[in-house]
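Peer 1: Below you will find the structure I want to go over with you.
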Amino acid sequence: MVDSHGRTIRDLRISITDRCNFRCVYCMEPDVRFAAHEALLTVDEIVRAAAIAESLGVRKVRLTGGEPTLHPHLSDIIAGLAVATKVEIALITNASLLSRESLRAWKDAGLARLTISIDSLRPDRFARMTRSSSSPAQVLKGVQLSLDEGLTPVKLNAVLIRGFNDDEAVALAVLARNFGVEMRFIEYMPLDSAHAWDSSKWVSAAETRAAIERVFPLIACGDDDPSSTARTFRFADLDGDSPARVGFIAPVSNPFCGACSRLRITADGKVRPCLFSTTEWDLRSPLRAGATDTELADFLIDATWTKQPGHGITSPDFVQPERPMSAIGG
């Protein structure tokens with residue numbers, strides 16, 4: 001699949017549920033209403049869509065949410081993808097519900113690796129930020145379990161918000177050193193359900209990097225895929241072969257739209273060519289109306305062609321998507 005700007009789609013992010021056990025302040029308000037279960041794609045529909053996307057060049061599938069570990073048939077989705085495709089299967093999770101048994105089952109089904117969100121190491125802040133009863137300790141236990149089960153490379157994500165958790169950049173970066181993983185810092189974006197994004201609370205990737213480098217000098221890895229969302233660095237005081245890395249995802253200050261290789265399918269079966277698309281393509285209807293694989297492939301090709309050149313967050317005429325990140329898929 002190639003869009004009208006010449007970008008090739010190789011990565012598909014599929015939200016398998018809009019439900020989440022967190023209510024993160026930058027994402028979902030406590031009163032968000034979820035879609036009816038019958039509106040969500042079934043296991044077979046998810047697998048079929050991914051298989052068709054693979055036939056069009058997709059090589060990686062990321063299962064997102066909401067919180068995908070809440071899906072009652074997650075193992076079936078992973079197993080179905082593993083049988084129907086040869087794509088790399090990854091999972092993006094808040095890690096609050098991980099157990100050794102579940103991780104082992106998902107790995108046996110075909111899961112390759114995990115990306116785990118952790119925005120604060122302070123229990124009080126974590127509770128305020130996630131509006132949940134979970135804790136940083138639970139998330140870090142999930143990180144260790146994921147490493148123990150070989151679901152690597154494990155990547156960690158944090159969103160820093162000025163005046164909230166931006167003073168934890170160094171402490172979070174230390175997780176990369178302690179666990180031998182990549183700790184990635186994502187700039188705060190206008191994707192909240194309240195549409196209350198405040199640019200004064202935005203922290204640039206450059207500012208975060210500077211804070212870390214005052215303690216740990218960093219060296220650019222220089223081997224990033226041009227279509228990667230992150231620019232990665234290693235710690236100057238560690239061996240070059242160390243897996244400990246720090247990544248910066250800067251969609252606001254340094255957009256990577258020009259090399260974007262991603263397409264998204266929401267939990268209710270809408271294709272979104274861009275995270276910030278204001279137009280969605282309804283894939284669920286033809287899936288349930290008996291469309292052939294060829295017809296569905298043509299549908300995905302047409303949707304991809306409409307991919308916008310960029311998100312335009314800093315543009316004066318920027319319009320925030322109606323749906324929040326939890327409904328779109330991370």
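Labels for the structure tokens follow display order: chains A, B, ..., residues from 1 in each chain, ligands from 1.
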Within 9 Å of Ser228 in chain A, counting only C-alpha atoms, which residues qualify if same-chain residues fewer than 2 places away don't, as a list in words?

Peer 2: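 Answer for this query is Asp224, Asp225, Pro226, Ala230, Arg231, Phe256, Ala259, Cys260 and Ser261 of chain A.
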
Peer 1: Those same residues, written as a short mmCIF file (atom, residue, chain, number, x, y, z; two decimals), in the first residue's frame with C-alpha atoms?

Peer 2:
data_model
loop_
_atom_site.label_atom_id
_atom_site.label_comp_id
_atom_site.auth_asym_id
_atom_site.auth_seq_id
_atom_site.Cartn_x
_atom_site.Cartn_y
_atom_site.Cartn_z
CA ASP A 224 17.19 4.39 13.34
CA ASP A 225 14.83 3.31 10.58
CA PRO A 226 13.78 6.53 8.76
CA ALA A 230 11.74 7.41 17.86
CA ARG A 231 15.26 8.75 17.64
CA PHE A 256 8.18 12.30 11.43
CA ALA A 259 8.46 8.93 6.48
CA CYS A 260 5.37 7.51 8.21
CA SER A 261 4.71 3.85 7.41
#

Peer 1: Residues within 7 Å of range 182-189 of chain A, please, as a PDB file with N, CA and C atoms, in the first residue's frame. Count only C-alpha atoms; anything in the same chain fewer than 5 positions from it doesn't count.

Peer 2:
ATOM      1  N   LYS A 155      10.106  -2.346  25.212  1.00  0.00           N
ATOM      2  CA  LYS A 155      10.261  -0.895  25.175  1.00  0.00           C
ATOM      3  C   LYS A 155       9.286  -0.275  26.179  1.00  0.00           C
ATOM      4  N   LEU A 156       9.740   0.784  26.823  1.00  0.00           N
ATOM      5  CA  LEU A 156       8.909   1.497  27.793  1.00  0.00           C
ATOM      6  C   LEU A 156       8.567   2.871  27.240  1.00  0.00           C
ATOM      7  N   ASN A 157       7.346   3.320  27.472  1.00  0.00           N
ATOM      8  CA  ASN A 157       6.884   4.623  27.020  1.00  0.00           C
ATOM      9  C   ASN A 157       6.477   5.488  28.196  1.00  0.00           C
ATOM     10  N   ALA A 158       6.808   6.773  28.121  1.00  0.00           N
ATOM     11  CA  ALA A 158       6.344   7.742  29.115  1.00  0.00           C
ATOM     12  C   ALA A 158       5.942   9.023  28.411  1.00  0.00           C
ATOM     13  N   VAL A 159       4.855   9.617  28.864  1.00  0.00           N
ATOM     14  CA  VAL A 159       4.431  10.940  28.415  1.00  0.00           C
ATOM     15  C   VAL A 159       4.711  11.911  29.552  1.00  0.00           C
ATOM     16  N   LEU A 160       5.524  12.926  29.285  1.00  0.00           N
ATOM     17  CA  LEU A 160       5.831  13.917  30.302  1.00  0.00           C
ATOM     18  C   LEU A 160       4.937  15.134  30.129  1.00  0.00           C
ATOM     19  N   ILE A 161       4.379  15.611  31.252  1.00  0.00           N
ATOM     20  CA  ILE A 161       3.501  16.779  31.261  1.00  0.00           C
ATOM     21  C   ILE A 161       4.085  17.800  32.244  1.00  0.00           C
ATOM     22  N   ALA A 173      14.647   7.445  32.879  1.00  0.00           N
ATOM     23  CA  ALA A 173      15.756   7.012  32.029  1.00  0.00           C
ATOM     24  C   ALA A 173      16.585   5.932  32.712  1.00  0.00           C
ATOM     25  N   LEU A 175      15.503   3.518  34.311  1.00  0.00           N
ATOM     26  CA  LEU A 175      14.870   2.223  34.054  1.00  0.00           C
ATOM     27  C   LEU A 175      15.543   1.515  32.877  1.00  0.00           C
ATOM     28  N   ALA A 176      15.939   2.292  31.877  1.00  0.00           N
ATOM     29  CA  ALA A 176      16.625   1.695  30.730  1.00  0.00           C
ATOM     30  C   ALA A 176      17.912   1.016  31.171  1.00  0.00           C
ATOM     31  N   TRP A 202       3.112  21.187  27.533  1.00  0.00           N
ATOM     32  CA  TRP A 202       3.916  20.382  26.616  1.00  0.00           C
ATOM     33  C   TRP A 202       5.395  20.511  26.951  1.00  0.00           C
ATOM     34  N   VAL A 203       6.097  19.391  26.948  1.00  0.00           N
ATOM     35  CA  VAL A 203       7.542  19.364  27.199  1.00  0.00           C
ATOM     36  C   VAL A 203       8.212  18.816  25.939  1.00  0.00           C
ATOM     37  N   SER A 204       9.114  19.576  25.367  1.00  0.00           N
ATOM     38  CA  SER A 204       9.751  19.134  24.119  1.00  0.00           C
ATOM     39  C   SER A 204      10.730  17.999  24.372  1.00  0.00           C
ATOM     40  N   ALA A 205      10.948  17.209  23.341  1.00  0.00           N
ATOM     41  CA  ALA A 205      11.934  16.124  23.425  1.00  0.00           C
ATOM     42  C   ALA A 205      13.316  16.685  23.709  1.00  0.00           C
ATOM     43  N   ALA A 244      20.583  -0.983  26.803  1.00  0.00           N
ATOM     44  CA  ALA A 244      19.978   0.194  27.430  1.00  0.00           C
ATOM     45  C   ALA A 244      19.998   1.363  26.450  1.00  0.00           C
ATOM     46  N   ARG A 245      18.833   1.897  26.178  1.00  0.00           N
ATOM     47  CA  ARG A 245      18.686   2.985  25.218  1.00  0.00           C
ATOM     48  C   ARG A 245      17.659   3.992  25.739  1.00  0.00           C
ATOM     49  N   VAL A 246      17.764   5.206  25.241  1.00  0.00           N
ATOM     50  CA  VAL A 246      16.748   6.218  25.481  1.00  0.00           C
ATOM     51  C   VAL A 246      16.256   6.683  24.119  1.00  0.00           C
ATOM     52  N   GLY A 247      14.938   6.731  23.959  1.00  0.00           N
ATOM     53  CA  GLY A 247      14.356   7.175  22.696  1.00  0.00           C
ATOM     54  C   GLY A 247      13.475   8.389  22.912  1.00  0.00           C
ATOM     55  N   PHE A 248      13.395   9.222  21.886  1.00  0.00           N
ATOM     56  CA  PHE A 248      12.561  10.418  21.956  1.00  0.00           C
ATOM     57  C   PHE A 248      11.602  10.427  20.772  1.00  0.00           C
ATOM     58  N   ILE A 249      10.302  10.484  21.083  1.00  0.00           N
ATOM     59  CA  ILE A 249       9.262  10.542  20.071  1.00  0.00           C
ATOM     60  C   ILE A 249       8.689  11.952  20.116  1.00  0.00           C
ATOM     61  N   ALA A 250       8.941  12.729  19.056  1.00  0.00           N
ATOM     62  CA  ALA A 250       8.672  14.164  19.079  1.00  0.00           C
ATOM     63  C   ALA A 250       7.696  14.582  17.985  1.00  0.00           C
ATOM     64  N   PRO A 251       6.433  14.138  18.066  1.00  0.00           N
ATOM     65  CA  PRO A 251       5.475  14.477  17.007  1.00  0.00           C
ATOM     66  C   PRO A 251       5.136  15.960  16.934  1.00  0.00           C
ATOM     67  N   VAL A 252       5.340  16.692  18.027  1.00  0.00           N
ATOM     68  CA  VAL A 252       5.016  18.117  18.030  1.00  0.00           C
ATOM     69  C   VAL A 252       6.208  18.946  17.556  1.00  0.00           C
TER      70      VAL A 252
END

Peer 1: Could you pull the residues within 12 Å of Phe235 in chain A, counting only C-alpha atoms, minus those fewer than 4 positions along the same chain, as a count of residues only?

Peer 2: 27

Peer 1: Find the distance between CA of Val58 in chain A and CA of Asp11 in chain A and write it in Å to one decimal.

Peer 2: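 We find that CA of Val58 in chain A and CA of Asp11 in chain A lie 5.5 Å from each other.
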
Peer 1: With distances taken over only C-alpha atoms, which residue among A:Arg288, A:His5, A:Lys307, A:His71 lies nearest Phe276 in chain A?

Peer 2: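 Ranked by minimum distance to Phe276 in chain A, first place goes to A:Lys307.
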
Peer 1: Given only C-alpha atoms as the basis, pick out the residue of A:Arg125, A:Val170, A:Leu263, A:Val32 nearest to Arg59 in chain A.

Peer 2: A:Leu263

Peer 1: Using only C-alpha atoms, find the one residue out of A:Glu45, A:Glu149, A:Glu29, A:Asp198 that sits nearest to Ile14 in chain A.

Peer 2: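 Distance minimum relative to Ile14 in chain A lands on A:Glu45.
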
Peer 1: Excluding same-chain residues fewer than 5 positions from Val83 in chain A, what lies within 12 Å of it counting only C-alpha atoms, as a VMD selection string?

Peer 2: chain A and resid 44 47 to 48 50 to 51 76 to 78 88 to 89 109 to 111

Peer 1: For each of A:Arg13, A:Arg162, A:Arg100, A:Arg131, take the minimum atom-to-atom distance to Val25 in chain A, counting only C-alpha atoms, then give the residue where this is smallest.

Peer 2: A:Arg131

Peer 1: DSSP on the backbone: what in range 103-246 of chain A comes out strand (DSSP E or B), as a ChimeraX atom specification?

Peer 2: /A:113-117,155-161,182-187,202,218-220,231-235,245-246

Peer 1: Write a file of the just-selected residues containing C-alpha atoms, as a PDB file, in the first residue's frame.

Peer 2:
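See out.pdb below for the written result:
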ATOM      1  CA  ARG A 113       7.414  -8.477  22.111  1.00  0.00           C
ATOM      2  CA  LEU A 114       5.812  -5.827  24.318  1.00  0.00           C
ATOM      3  CA  THR A 115       5.783  -2.085  24.709  1.00  0.00           C
ATOM      4  CA  ILE A 116       4.822  -0.968  28.216  1.00  0.00           C
ATOM      5  CA  SER A 117       3.620   2.448  29.379  1.00  0.00           C
ATOM      6  CA  LYS A 155      10.261  -0.895  25.175  1.00  0.00           C
ATOM      7  CA  LEU A 156       8.909   1.497  27.793  1.00  0.00           C
ATOM      8  CA  ASN A 157       6.884   4.623  27.020  1.00  0.00           C
ATOM      9  CA  ALA A 158       6.344   7.742  29.115  1.00  0.00           C
ATOM     10  CA  VAL A 159       4.431  10.940  28.415  1.00  0.00           C
ATOM     11  CA  LEU A 160       5.831  13.917  30.302  1.00  0.00           C
ATOM     12  CA  ILE A 161       3.501  16.779  31.261  1.00  0.00           C
ATOM     13  CA  GLU A 182      14.714   1.237  25.631  1.00  0.00           C
ATOM     14  CA  MET A 183      12.972   3.996  27.589  1.00  0.00           C
ATOM     15  CA  ARG A 184      11.068   6.277  25.223  1.00  0.00           C
ATOM     16  CA  PHE A 185       9.716   9.724  25.981  1.00  0.00           C
ATOM     17  CA  ILE A 186       6.653  10.780  23.980  1.00  0.00           C
ATOM     18  CA  GLU A 187       5.700  14.425  23.647  1.00  0.00           C
ATOM     19  CA  TRP A 202       3.916  20.382  26.616  1.00  0.00           C
ATOM     20  CA  LEU A 218      23.975  10.329  25.461  1.00  0.00           C
ATOM     21  CA  ILE A 219      25.312   9.292  22.060  1.00  0.00           C
ATOM     22  CA  ALA A 220      23.048   9.035  19.021  1.00  0.00           C
ATOM     23  CA  ARG A 231      15.260   8.748  17.642  1.00  0.00           C
ATOM     24  CA  THR A 232      17.397   6.600  19.910  1.00  0.00           C
ATOM     25  CA  PHE A 233      20.492   7.232  21.987  1.00  0.00           C
ATOM     26  CA  ARG A 234      22.801   5.077  24.056  1.00  0.00           C
ATOM     27  CA  PHE A 235      24.451   5.971  27.348  1.00  0.00           C
ATOM     28  CA  ARG A 245      18.686   2.985  25.218  1.00  0.00           C
ATOM     29  CA  VAL A 246      16.748   6.218  25.481  1.00  0.00           C
TER      30      VAL A 246
END

Peer 1: Got a sec: who's within 8 Å of Ser75 in chain A, counting only C-alpha atoms, leaving out chain neighbours fewer than 4 positions off, as a list in words?

Peer 2: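 The neighbour list is Ala79, Ala105, Trp106 and Ala109 of chain A.
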
Peer 1: Would you save the residues of that selection, restricted to N, CA and C atoms, as a PDB file, in the first residue's frame?

Peer 2:
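This is the output file part.pdb:
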ATOM      1  N   ALA A  79      -2.929 -15.997  18.327  1.00  0.00           N
ATOM      2  CA  ALA A  79      -2.770 -17.282  17.641  1.00  0.00           C
ATOM      3  C   ALA A  79      -3.305 -17.201  16.215  1.00  0.00           C
ATOM      4  N   ALA A 105       1.493 -17.750  27.789  1.00  0.00           N
ATOM      5  CA  ALA A 105       0.455 -18.179  26.838  1.00  0.00           C
ATOM      6  C   ALA A 105       0.498 -17.338  25.575  1.00  0.00           C
ATOM      7  N   TRP A 106       0.683 -16.026  25.717  1.00  0.00           N
ATOM      8  CA  TRP A 106       0.725 -15.151  24.538  1.00  0.00           C
ATOM      9  C   TRP A 106       1.975 -15.422  23.700  1.00  0.00           C
ATOM     10  N   ALA A 109       1.466 -18.466  21.787  1.00  0.00           N
ATOM     11  CA  ALA A 109       0.512 -18.225  20.704  1.00  0.00           C
ATOM     12  C   ALA A 109       1.148 -17.514  19.525  1.00  0.00           C
TER      13      ALA A 109
END

Peer 1: Pick out the residues sitting within 8 Å of Phe126 in chain A, and hand them over as a list of chain:residue names; count only C-alpha atoms, and ignore anything fewer than 6 positions along from it in its own chain.

Peer 2: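 Here the qualifying residues turn out to be A:Asp119, A:Ser120, A:Ser135, A:Pro136.
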
Peer 1: Just N, CA and C atoms for this one: save the residues we selected as a tab-separated table (two decimals), in the first residue's frame.

Peer 2:
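Below is the file that was written, part.tsv:
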chain	number	residue	atom	x	y	z
A	119	ASP	N	4.37	6.23	33.27
A	119	ASP	CA	4.53	7.68	33.23
A	119	ASP	C	5.09	8.28	34.50
A	120	SER	N	5.12	7.51	35.57
A	120	SER	CA	5.67	8.03	36.83
A	120	SER	C	6.13	6.86	37.69
A	135	SER	N	-0.14	0.53	40.45
A	135	SER	CA	1.03	1.19	41.01
A	135	SER	C	2.23	1.00	40.09
A	136	PRO	N	3.26	1.87	40.23
A	136	PRO	CA	4.48	1.66	39.46
A	136	PRO	C	5.10	0.30	39.72
